[in-house]
file start_4.pdb (PDB, C-alpha atoms)
ATOM      1  CA  MET A   1      58.452   8.078  -3.479
ATOM      2  CA  ASN A   2      60.273   6.488  -0.580
ATOM      3  CA  ALA A   3      60.848   2.798  -0.151
ATOM      4  CA  PRO A   4      58.047   1.986   2.333
ATOM      5  CA  MET A   5      55.507   3.766   0.111
ATOM      6  CA  LYS A   6      56.684   1.807  -2.891
ATOM      7  CA  LEU A   7      56.246  -1.378  -0.962
ATOM      8  CA  ILE A   8      52.720  -0.432   0.071
ATOM      9  CA  PHE A   9      51.800   0.390  -3.530
ATOM     10  CA  ALA A  10      53.278  -2.856  -4.718
ATOM     11  CA  VAL A  11      51.259  -4.807  -2.147
ATOM     12  CA  LEU A  12      48.073  -2.912  -3.024
ATOM     13  CA  ALA A  13      48.635  -3.503  -6.718
ATOM     14  CA  ALA A  14      49.226  -7.185  -6.072
ATOM     15  CA  LEU A  15      46.021  -7.386  -4.013
ATOM     16  CA  CYS A  16      44.052  -5.735  -6.812
ATOM     17  CA  LEU A  17      45.385  -8.214  -9.313
ATOM     18  CA  ALA A  18      44.779 -11.134  -7.030
ATOM     19  CA  HIS A  19      41.239 -10.113  -6.206
ATOM     20  CA  PRO A  20      39.359 -11.994  -8.938
ATOM     21  CA  ALA A  21      40.891 -15.201  -7.661
ATOM     22  CA  PHE A  22      39.085 -14.779  -4.334
ATOM     23  CA  ALA A  23      35.702 -14.422  -5.967
ATOM     24  CA  LYS A  24      33.653 -17.552  -6.442
ATOM     25  CA  GLU A  25      33.739 -18.702  -9.992
ATOM     26  CA  ALA A  26      30.670 -17.510 -11.864
ATOM     27  CA  ALA A  27      28.464 -20.101 -13.459
ATOM     28  CA  PRO A  28      29.303 -20.293 -17.141
ATOM     29  CA  LEU A  29      26.953 -18.201 -19.232
ATOM     30  CA  ALA A  30      25.171 -20.009 -21.956
ATOM     31  CA  GLU A  31      27.080 -19.900 -25.189
ATOM     32  CA  ASP A  32      23.855 -19.482 -27.068
ATOM     33  CA  PRO A  33      21.240 -17.084 -25.677
ATOM     34  CA  VAL A  34      18.576 -18.403 -28.074
ATOM     35  CA  VAL A  35      18.995 -21.953 -26.812
ATOM     36  CA  GLU A  36      19.032 -20.663 -23.237
ATOM     37  CA  LYS A  37      15.799 -18.739 -23.710
ATOM     38  CA  ARG A  38      14.001 -21.739 -25.174
ATOM     39  CA  MET A  39      15.442 -23.983 -22.477
ATOM     40  CA  ILE A  40      14.030 -21.694 -19.776
ATOM     41  CA  GLU A  41      10.661 -21.429 -21.525
ATOM     42  CA  ILE A  42      10.354 -25.198 -21.723
ATOM     43  CA  SER A  43      11.625 -25.949 -18.261
ATOM     44  CA  GLU A  44       9.302 -23.435 -16.625
ATOM     45  CA  GLU A  45       6.482 -25.726 -17.736
ATOM     46  CA  LEU A  46       8.141 -28.748 -16.174
ATOM     47  CA  ARG A  47       8.207 -29.933 -12.597
ATOM     48  CA  CYS A  48      11.418 -30.738 -10.802
ATOM     49  CA  LEU A  49      10.813 -34.158  -9.295
ATOM     50  CA  VAL A  50      13.197 -33.582  -6.420
ATOM     51  CA  CYS A  51      11.604 -30.357  -5.181
ATOM     52  CA  GLN A  52       8.139 -30.942  -6.492
ATOM     53  CA  ASN A  53       6.838 -27.415  -6.117
ATOM     54  CA  GLU A  54       9.679 -25.947  -8.087
ATOM     55  CA  SER A  55       9.915 -25.782 -11.827
ATOM     56  CA  LEU A  56      12.831 -27.314 -13.592
ATOM     57  CA  ALA A  57      13.917 -23.797 -14.517
ATOM     58  CA  GLY A  58      14.040 -22.560 -10.949
ATOM     59  CA  SER A  59      15.315 -25.567  -9.042
ATOM     60  CA  GLN A  60      18.837 -25.832  -7.732
ATOM     61  CA  ALA A  61      18.601 -29.601  -7.256
ATOM     62  CA  ASP A  62      21.390 -31.551  -8.904
ATOM     63  CA  LEU A  63      18.934 -33.487 -11.004
ATOM     64  CA  ALA A  64      17.365 -30.254 -12.250
ATOM     65  CA  LYS A  65      20.786 -28.994 -13.340
ATOM     66  CA  ASP A  66      21.432 -32.243 -15.187
ATOM     67  CA  LEU A  67      18.039 -32.127 -16.835
ATOM     68  CA  ARG A  68      18.484 -28.510 -17.914
ATOM     69  CA  GLU A  69      21.734 -29.565 -19.506
ATOM     70  CA  GLU A  70      19.881 -32.426 -21.169
ATOM     71  CA  VAL A  71      17.209 -30.029 -22.462
ATOM     72  CA  ARG A  72      19.930 -27.720 -23.835
ATOM     73  CA  GLY A  73      21.448 -30.675 -25.657
ATOM     74  CA  LEU A  74      18.090 -31.686 -27.116
ATOM     75  CA  ILE A  75      17.390 -28.145 -28.307
ATOM     76  CA  LYS A  76      20.798 -27.942 -29.929
ATOM     77  CA  SER A  77      20.177 -31.218 -31.704
ATOM     78  CA  GLY A  78      17.148 -29.575 -33.313
ATOM     79  CA  LYS A  79      14.274 -31.057 -31.287
ATOM     80  CA  SER A  80      10.997 -29.153 -31.067
ATOM     81  CA  ASP A  81       9.557 -28.044 -27.726
ATOM     82  CA  GLU A  82       7.026 -30.868 -27.864
ATOM     83  CA  GLU A  83       9.715 -33.445 -28.531
ATOM     84  CA  VAL A  84      11.735 -32.191 -25.562
ATOM     85  CA  LYS A  85       8.689 -32.471 -23.296
ATOM     86  CA  ASP A  86       7.918 -35.947 -24.643
ATOM     87  CA  PHE A  87      11.488 -36.967 -23.863
ATOM     88  CA  LEU A  88      10.980 -36.088 -20.217
ATOM     89  CA  VAL A  89       7.440 -37.464 -19.992
ATOM     90  CA  SER A  90       8.587 -40.812 -21.381
ATOM     91  CA  ARG A  91      11.067 -41.052 -18.511
ATOM     92  CA  TYR A  92       9.421 -39.336 -15.580
ATOM     93  CA  GLY A  93       5.736 -39.601 -16.456
ATOM     94  CA  ASP A  94       2.945 -37.054 -16.912
ATOM     95  CA  PHE A  95       3.658 -35.702 -13.451
ATOM     96  CA  VAL A  96       6.534 -33.594 -14.801
ATOM     97  CA  LEU A  97       4.091 -31.498 -16.796
ATOM     98  CA  TYR A  98       2.599 -28.622 -14.845
ATOM     99  CA  ARG A  99      -0.060 -28.344 -17.536
ATOM    100  CA  PRO A 100      -1.510 -31.833 -17.922
ATOM    101  CA  GLN A 101      -2.260 -33.045 -21.419
ATOM    102  CA  VAL A 102      -5.898 -33.361 -22.425
ATOM    103  CA  LYS A 103      -6.510 -37.097 -22.858
ATOM    104  CA  PRO A 104      -9.020 -39.655 -21.553
ATOM    105  CA  VAL A 105      -7.349 -40.066 -18.129
ATOM    106  CA  THR A 106      -7.268 -36.321 -17.579
ATOM    107  CA  TYR A 107     -10.805 -35.512 -18.802
ATOM    108  CA  ALA A 108     -12.088 -35.571 -15.219
ATOM    109  CA  LEU A 109      -9.280 -33.269 -14.164
ATOM    110  CA  TRP A 110      -9.963 -30.712 -16.858
ATOM    111  CA  ALA A 111     -13.766 -30.909 -16.865
ATOM    112  CA  GLY A 112     -14.298 -31.593 -13.139
ATOM    113  CA  PRO A 113     -14.355 -27.993 -11.908
ATOM    114  CA  PHE A 114     -16.757 -26.945 -14.659
ATOM    115  CA  VAL A 115     -19.033 -29.922 -13.964
ATOM    116  CA  LEU A 116     -19.072 -28.985 -10.278
ATOM    117  CA  LEU A 117     -19.822 -25.368 -11.169
ATOM    118  CA  LEU A 118     -22.686 -26.494 -13.399
ATOM    119  CA  ILE A 119     -24.115 -28.706 -10.640
ATOM    120  CA  GLY A 120     -23.836 -25.755  -8.269
ATOM    121  CA  ILE A 121     -25.700 -23.459 -10.634
ATOM    122  CA  VAL A 122     -28.476 -26.020 -11.211
ATOM    123  CA  VAL A 123     -28.894 -26.568  -7.461
ATOM    124  CA  LEU A 124     -28.921 -22.820  -6.831
ATOM    125  CA  ILE A 125     -31.541 -22.128  -9.499
ATOM    126  CA  SER A 126     -33.849 -24.931  -8.372
ATOM    127  CA  PHE A 127     -33.484 -23.756  -4.773
ATOM    128  CA  LEU A 128     -34.328 -20.172  -5.674
ATOM    129  CA  ARG A 129     -37.349 -21.269  -7.728
ATOM    130  CA  LYS A 130     -38.644 -23.417  -4.908
ATOM    131  CA  ARG A 131     -38.246 -20.568  -2.451
ATOM    132  CA  SER A 132     -39.971 -17.965  -4.616
ATOM    133  CA  LYS A 133     -42.962 -20.322  -4.779
ATOM    134  CA  GLN A 134     -43.002 -20.617  -1.005
ATOM    135  CA  VAL A 135     -42.954 -16.872  -0.449
ATOM    136  CA  GLU A 136     -46.531 -15.908  -1.203
ATOM    137  CA  GLU A 137     -47.595 -12.375  -1.764
ATOM    138  CA  THR A 138     -49.678 -11.283   1.200
ATOM    139  CA  PRO A 139     -51.049  -7.769   0.783
ATOM    140  CA  LEU A 140     -50.984  -5.538   3.850
ATOM    141  CA  SER A 141     -54.220  -5.206   5.701
ATOM    142  CA  GLU A 142     -55.624  -1.717   6.415
ATOM    143  CA  ALA A 143     -54.730  -1.953  10.095
ATOM    144  CA  ASP A 144     -51.113  -2.944   9.288
ATOM    145  CA  LYS A 145     -50.823  -0.083   6.819
ATOM    146  CA  LYS A 146     -51.893   2.415   9.447
ATOM    147  CA  ARG A 147     -49.479   0.962  11.955
ATOM    148  CA  ALA A 148     -46.653   1.190   9.489
ATOM    149  CA  GLU A 149     -47.444   4.809   8.672
ATOM    150  CA  ALA A 150     -47.604   5.666  12.353
ATOM    151  CA  LEU A 151     -44.212   4.052  12.920
ATOM    152  CA  LEU A 152     -42.686   5.947  10.008
ATOM    153  CA  LYS A 153     -43.997   9.240  11.268
ATOM    154  CA  GLU A 154     -42.650   8.500  14.717
ATOM    155  CA  GLY A 155     -39.238   7.965  13.192
ATOM    156  CA  GLN A 156     -39.328  11.316  11.392
ATOM    157  CA  SER A 157     -40.197  13.490  14.353
TER     158      SER A 157
ATOM    159  CA  MET B   1     -35.291 -37.672   3.338
ATOM    160  CA  ASN B   2     -33.994 -35.191   5.846
ATOM    161  CA  LYS B   3     -32.793 -31.970   4.248
ATOM    162  CA  PHE B   4     -29.353 -32.486   5.802
ATOM    163  CA  THR B   5     -28.836 -35.909   4.245
ATOM    164  CA  LEU B   6     -27.480 -34.741   0.903
ATOM    165  CA  PRO B   7     -25.038 -32.151   2.241
ATOM    166  CA  LEU B   8     -23.859 -34.711   4.803
ATOM    167  CA  ILE B   9     -23.197 -37.312   2.118
ATOM    168  CA  ALA B  10     -21.349 -34.715   0.054
ATOM    169  CA  PHE B  11     -19.281 -33.686   3.068
ATOM    170  CA  VAL B  12     -18.351 -37.256   3.977
ATOM    171  CA  ALA B  13     -17.384 -37.936   0.345
ATOM    172  CA  LEU B  14     -15.175 -34.842   0.346
ATOM    173  CA  VAL B  15     -13.491 -35.826   3.612
ATOM    174  CA  ALA B  16     -12.891 -39.341   2.285
ATOM    175  CA  LEU B  17     -11.367 -37.931  -0.903
ATOM    176  CA  LEU B  18      -9.067 -35.601   1.037
ATOM    177  CA  ALA B  19      -8.098 -38.364   3.480
ATOM    178  CA  VAL B  20      -7.038 -40.609   0.610
ATOM    179  CA  GLY B  21      -5.141 -37.713  -0.958
ATOM    180  CA  LEU B  22      -3.321 -36.951   2.284
ATOM    181  CA  ASN B  23      -2.200 -40.538   2.655
ATOM    182  CA  LEU B  24      -0.707 -40.779  -0.813
ATOM    183  CA  ASN B  25       3.024 -40.363  -0.979
ATOM    184  CA  PRO B  26       3.716 -37.565  -3.460
ATOM    185  CA  ARG B  27       7.237 -38.856  -3.947
ATOM    186  CA  GLU B  28       5.954 -42.055  -5.465
ATOM    187  CA  VAL B  29       5.312 -41.064  -9.016
ATOM    188  CA  PRO B  30       4.118 -43.943 -11.171
ATOM    189  CA  SER B  31       6.867 -44.705 -13.627
ATOM    190  CA  PRO B  32       5.949 -44.658 -17.298
ATOM    191  CA  LEU B  33       8.661 -47.267 -17.795
ATOM    192  CA  ILE B  34       6.671 -50.154 -16.301
ATOM    193  CA  GLY B  35       5.928 -52.607 -19.090
ATOM    194  CA  LYS B  36       8.517 -51.029 -21.365
ATOM    195  CA  PRO B  37      11.825 -52.518 -22.454
ATOM    196  CA  THR B  38      14.837 -51.441 -20.419
ATOM    197  CA  PRO B  39      16.565 -48.418 -21.914
ATOM    198  CA  ASP B  40      19.865 -49.621 -23.290
ATOM    199  CA  PHE B  41      23.194 -48.257 -22.080
ATOM    200  CA  LYS B  42      26.803 -49.209 -21.947
ATOM    201  CA  VAL B  43      28.943 -47.877 -19.104
ATOM    202  CA  PRO B  44      32.156 -48.969 -17.377
ATOM    203  CA  GLN B  45      31.969 -51.252 -14.380
ATOM    204  CA  LEU B  46      32.747 -49.873 -10.957
ATOM    205  CA  HIS B  47      35.372 -52.425 -10.015
ATOM    206  CA  ASN B  48      36.892 -52.700 -13.433
ATOM    207  CA  PRO B  49      36.972 -49.475 -15.489
ATOM    208  CA  ASP B  50      38.089 -51.392 -18.574
ATOM    209  CA  ALA B  51      35.083 -53.698 -18.614
ATOM    210  CA  THR B  52      31.624 -52.426 -19.522
ATOM    211  CA  PHE B  53      28.098 -53.428 -18.667
ATOM    212  CA  SER B  54      24.981 -53.322 -20.795
ATOM    213  CA  PRO B  55      21.502 -54.590 -19.800
ATOM    214  CA  LYS B  56      21.557 -56.725 -22.961
ATOM    215  CA  GLU B  57      23.968 -59.065 -21.183
ATOM    216  CA  MET B  58      21.198 -59.982 -18.746
ATOM    217  CA  GLU B  59      18.735 -61.121 -21.395
ATOM    218  CA  GLY B  60      17.052 -64.392 -20.530
ATOM    219  CA  LYS B  61      17.317 -63.737 -16.802
ATOM    220  CA  VAL B  62      15.087 -62.125 -14.251
ATOM    221  CA  TRP B  63      17.230 -59.540 -12.529
ATOM    222  CA  LEU B  64      17.145 -56.524 -10.276
ATOM    223  CA  LEU B  65      18.774 -53.214 -11.122
ATOM    224  CA  ASN B  66      19.484 -51.284  -7.943
ATOM    225  CA  VAL B  67      20.510 -47.641  -8.211
ATOM    226  CA  TRP B  68      22.728 -46.605  -5.310
ATOM    227  CA  ALA B  69      25.354 -44.041  -4.339
ATOM    228  CA  SER B  70      27.774 -43.614  -1.485
ATOM    229  CA  TRP B  71      26.365 -40.135  -0.799
ATOM    230  CA  CYS B  72      22.818 -41.436  -0.497
ATOM    231  CA  VAL B  73      21.559 -41.689   3.059
ATOM    232  CA  SER B  74      18.553 -43.944   2.483
ATOM    233  CA  CYS B  75      20.811 -46.381   0.624
ATOM    234  CA  ARG B  76      22.367 -47.238   3.972
ATOM    235  CA  GLU B  77      18.935 -48.146   5.233
ATOM    236  CA  GLU B  78      18.236 -50.288   2.192
ATOM    237  CA  HIS B  79      21.598 -51.925   1.699
ATOM    238  CA  PRO B  80      21.519 -54.370   4.653
ATOM    239  CA  VAL B  81      18.159 -55.676   3.375
ATOM    240  CA  ILE B  82      19.601 -56.456  -0.056
ATOM    241  CA  VAL B  83      22.748 -57.953   1.472
ATOM    242  CA  GLU B  84      20.691 -60.157   3.778
ATOM    243  CA  TYR B  85      18.308 -61.443   1.113
ATOM    244  CA  ALA B  86      21.147 -61.978  -1.341
ATOM    245  CA  LYS B  87      23.016 -63.989   1.281
ATOM    246  CA  LYS B  88      19.991 -66.186   1.811
ATOM    247  CA  GLY B  89      19.979 -66.803  -1.931
ATOM    248  CA  LEU B  90      16.437 -65.485  -2.312
ATOM    249  CA  LEU B  91      17.247 -62.781  -4.801
ATOM    250  CA  PRO B  92      17.747 -62.974  -8.545
ATOM    251  CA  PRO B  93      21.042 -61.497  -9.794
ATOM    252  CA  VAL B  94      21.286 -57.903  -8.582
ATOM    253  CA  VAL B  95      23.186 -55.392 -10.683
ATOM    254  CA  GLY B  96      24.127 -52.163  -8.977
ATOM    255  CA  LEU B  97      24.108 -48.835 -10.739
ATOM    256  CA  ASN B  98      26.485 -46.542  -8.916
ATOM    257  CA  TYR B  99      24.829 -43.230  -9.662
ATOM    258  CA  LYS B 100      26.709 -39.898  -9.821
ATOM    259  CA  ASP B 101      29.382 -41.112  -7.472
ATOM    260  CA  LYS B 102      33.155 -41.037  -7.248
ATOM    261  CA  ARG B 103      34.753 -44.371  -8.007
ATOM    262  CA  ASP B 104      36.823 -44.423  -4.815
ATOM    263  CA  ASP B 105      33.851 -43.495  -2.655
ATOM    264  CA  GLY B 106      31.706 -46.179  -4.244
ATOM    265  CA  LEU B 107      34.329 -48.870  -3.801
ATOM    266  CA  ARG B 108      34.941 -47.883  -0.208
ATOM    267  CA  TRP B 109      31.213 -47.926   0.502
ATOM    268  CA  LEU B 110      30.864 -51.480  -0.831
ATOM    269  CA  ALA B 111      33.931 -52.605   1.110
ATOM    270  CA  ARG B 112      32.402 -51.227   4.271
ATOM    271  CA  PHE B 113      28.765 -52.293   3.937
ATOM    272  CA  GLY B 114      29.094 -55.431   1.818
ATOM    273  CA  ASP B 115      28.730 -56.091  -1.873
ATOM    274  CA  PRO B 116      25.635 -58.098  -2.819
ATOM    275  CA  TYR B 117      25.942 -57.175  -6.489
ATOM    276  CA  LEU B 118      26.816 -59.337  -9.437
ATOM    277  CA  LEU B 119      28.607 -56.202 -10.552
ATOM    278  CA  SER B 120      28.059 -52.486 -10.315
ATOM    279  CA  ALA B 121      27.788 -50.313 -13.392
ATOM    280  CA  PHE B 122      29.350 -46.890 -12.982
ATOM    281  CA  ASP B 123      27.135 -43.994 -14.057
ATOM    282  CA  ALA B 124      29.445 -41.088 -13.263
ATOM    283  CA  ASP B 125      27.459 -38.299 -14.928
ATOM    284  CA  GLY B 126      23.960 -39.639 -14.286
ATOM    285  CA  ARG B 127      23.082 -40.094 -17.971
ATOM    286  CA  VAL B 128      21.848 -43.639 -17.457
ATOM    287  CA  GLY B 129      19.842 -42.385 -14.498
ATOM    288  CA  ILE B 130      18.046 -39.886 -16.730
ATOM    289  CA  ASP B 131      17.089 -42.620 -19.202
ATOM    290  CA  TYR B 132      15.676 -44.664 -16.338
ATOM    291  CA  GLY B 133      13.801 -41.724 -14.850
ATOM    292  CA  VAL B 134      15.795 -41.828 -11.627
ATOM    293  CA  TYR B 135      15.072 -38.845  -9.400
ATOM    294  CA  GLY B 136      15.618 -40.097  -5.884
ATOM    295  CA  VAL B 137      18.221 -42.693  -5.045
ATOM    296  CA  PRO B 138      17.766 -45.520  -4.132
ATOM    297  CA  GLU B 139      15.536 -46.818  -6.878
ATOM    298  CA  SER B 140      15.223 -50.398  -8.069
ATOM    299  CA  TYR B 141      13.885 -52.017 -11.195
ATOM    300  CA  LEU B 142      12.802 -55.617 -11.530
ATOM    301  CA  ILE B 143      13.381 -56.743 -15.091
ATOM    302  CA  ASP B 144      12.008 -59.911 -16.674
ATOM    303  CA  LYS B 145      13.625 -62.418 -19.018
ATOM    304  CA  ALA B 146      12.595 -60.452 -22.101
ATOM    305  CA  GLY B 147      14.226 -57.312 -20.722
ATOM    306  CA  VAL B 148      10.959 -55.599 -19.797
ATOM    307  CA  ILE B 149      10.695 -53.523 -16.610
ATOM    308  CA  ARG B 150       8.000 -55.112 -14.455
ATOM    309  CA  PHE B 151       8.292 -53.242 -11.181
ATOM    310  CA  LYS B 152       9.940 -50.108  -9.891
ATOM    311  CA  GLN B 153      10.632 -49.332  -6.279
ATOM    312  CA  ILE B 154      11.232 -45.671  -5.502
ATOM    313  CA  GLY B 155      13.075 -45.236  -2.244
ATOM    314  CA  PRO B 156      14.571 -47.953  -0.073
ATOM    315  CA  ILE B 157      13.483 -51.571  -0.421
ATOM    316  CA  THR B 158      12.167 -52.510   2.999
ATOM    317  CA  PRO B 159      11.737 -56.119   4.142
ATOM    318  CA  ALA B 160       7.985 -55.626   3.597
ATOM    319  CA  VAL B 161       8.460 -54.530  -0.011
ATOM    320  CA  MET B 162      10.808 -57.442  -0.507
ATOM    321  CA  GLU B 163       8.396 -60.026   0.914
ATOM    322  CA  ASN B 164       5.169 -58.670  -0.492
ATOM    323  CA  LYS B 165       6.148 -57.329  -3.869
ATOM    324  CA  ILE B 166       9.572 -58.256  -5.159
ATOM    325  CA  LEU B 167       9.915 -61.909  -4.144
ATOM    326  CA  PRO B 168       6.420 -62.987  -5.299
ATOM    327  CA  LEU B 169       6.972 -61.231  -8.620
ATOM    328  CA  VAL B 170      10.392 -62.837  -9.048
ATOM    329  CA  LYS B 171       8.799 -66.234  -8.451
ATOM    330  CA  GLU B 172       6.074 -65.517 -10.977
ATOM    331  CA  LEU B 173       8.500 -64.234 -13.597
ATOM    332  CA  ASN B 174      10.821 -67.198 -13.168
ATOM    333  CA  GLN B 175       8.100 -69.712 -13.947
TER     334      GLN B 175
END
call {"tool": "encode", "arguments": {"input": "start_4.pdb", "output": "structure tokens"}}
result
Amino acid sequence: MNAPMKLIFAVLAALCLAHPAFAKEAAPLAEDPVVEKRMIEISEELRCLVCQNESLAGSQADLAKDLREEVRGLIKSGKSDEEVKDFLVSRYGDFVLYRPQVKPVTYALWAGPFVLLLIGIVVLISFLRKRSKQVEETPLSEADKKRAEALLKEGQS
Amino acid sequence: MNKFTLPLIAFVALVALLAVGLNLNPREVPSPLIGKPTPDFKVPQLHNPDATFSPKEMEGKVWLLNVWASWCVSCREEHPVIVEYAKKGLLPPVVGLNYKDKRDDGLRWLARFGDPYLLSAFDADGRVGIDYGVYGVPESYLIDKAGVIRFKQIGPITPAVMENKILPLVKELNQ
């Protein structure tokens, strides 16, 4: 190998070695996959208050990152899923829960659609009953029958 | 009764409901902390890293905790209002909470825009913010003599909020 070739190889080798330094540093993987899985399960049920249509699991907002870290810490300290959610509700209110709790203030929320459906069904049934009373059976007269038969025959030919 | 009366009433009710819903600000989430004691904390002060601040030190006083940061745009809108009212002597002691900021940036910001605070607590990692349910700076908490949170303002304090909500409540709490 001549000198210029050696130099080229040396430069290439150096570039290969240096390459990882150019790459953006990867986000640290969770040390504990079990904790991470539970953290994601819990935070998918929680709203990020900064980007309100994103879950805490999916949001890239700074606050969401902090809160995920907080949730990780709570899980590691042995808190149950419910306790973790209560921790966040006590600070940010019921609004953080995508699935509202069933309690007196939320009865209307949970039952409302079914009540409306029930009202709809009742109105529909009473309307149909009223209408079926209005539509009286009127038997065809002989003349009408003949006309109808004539029309049908006309259609066939 | 005309057969259109009922559907019309239902329609108007629906429109009214939607109109109210549209005019609500979804960013203003009622804080569960109203009526609760202030979460305790102890963090260094912004100006003096060796000294600390804890809300316990304010017991017996009505005071305002104002969360701010040098990176926060709406804080610039709010800050002159606080400075002005503090200058007039209308405000109770105001403690700043410098939230997720760099010390130098925070100090420079106060030097530039004025410092109406009794002191600023320095919440570098946002832990105190989490305990107070902070999610959009600026936020402010009015705390009574017993250390109970009585009012929370999410977003900048405008002169209207100051006149209509904060000052009357301060007066009431000071009696």
call {"tool": "interface_residues", "arguments": {"input": "start_4.pdb", "of": "chain B", "to": "chain A", "cutoff": "6 Å", "atoms": "only C-alpha atoms", "output": "short mmCIF file (atom, residue, chain, number, x, y, z; two decimals) with C-alpha atoms, keeping the file's coordinate frame"}}
result
data_model
loop_
_atom_site.label_atom_id
_atom_site.label_comp_id
_atom_site.auth_asym_id
_atom_site.auth_seq_id
_atom_site.Cartn_x
_atom_site.Cartn_y
_atom_site.Cartn_z
CA SER B 31 6.87 -44.70 -13.63
CA PRO B 32 5.95 -44.66 -17.30
CA GLY B 133 13.80 -41.72 -14.85
#
call {"tool": "resolve_selection", "arguments": {"input": "start_4.pdb", "expression": "the PyMOL selection byres ((chain B and resi 106) around 12)", "output": "number ranges by chain"}}
result
B: 45-47, 67-72, 75, 96-105, 107-115, 120-124
call {"tool": "resolve_selection", "arguments": {"input": "start_4.pdb", "expression": "the PyMOL selection byres ((chain B and resi 61) around 9)", "output": "PDB file with C-alpha atoms, in the coordinates of the input"}}
result
ATOM      1  CA  MET B  58      21.198 -59.982 -18.746  1.00  0.00           C
ATOM      2  CA  GLU B  59      18.735 -61.121 -21.395  1.00  0.00           C
ATOM      3  CA  GLY B  60      17.052 -64.392 -20.530  1.00  0.00           C
ATOM      4  CA  VAL B  62      15.087 -62.125 -14.251  1.00  0.00           C
ATOM      5  CA  TRP B  63      17.230 -59.540 -12.529  1.00  0.00           C
ATOM      6  CA  PRO B  92      17.747 -62.974  -8.545  1.00  0.00           C
ATOM      7  CA  PRO B  93      21.042 -61.497  -9.794  1.00  0.00           C
ATOM      8  CA  ILE B 143      13.381 -56.743 -15.091  1.00  0.00           C
ATOM      9  CA  ASP B 144      12.008 -59.911 -16.674  1.00  0.00           C
ATOM     10  CA  LYS B 145      13.625 -62.418 -19.018  1.00  0.00           C
ATOM     11  CA  ALA B 146      12.595 -60.452 -22.101  1.00  0.00           C
ATOM     12  CA  GLY B 147      14.226 -57.312 -20.722  1.00  0.00           C
ATOM     13  CA  ASN B 174      10.821 -67.198 -13.168  1.00  0.00           C
TER      14      ASN B 174
END
call {"tool": "atom_distance", "arguments": {"input": "start_4.pdb", "atom1": "atom CA of Arg47 of chain A", "atom2": "atom CA of Pro55 of chain B"}}
result
28.9 Å
call {"tool": "atom_distance", "arguments": {"input": "start_4.pdb", "atom1": "atom CA of Val29 of chain B", "atom2": "atom CA of Tyr135 of chain B"}}
result
10.0 Å
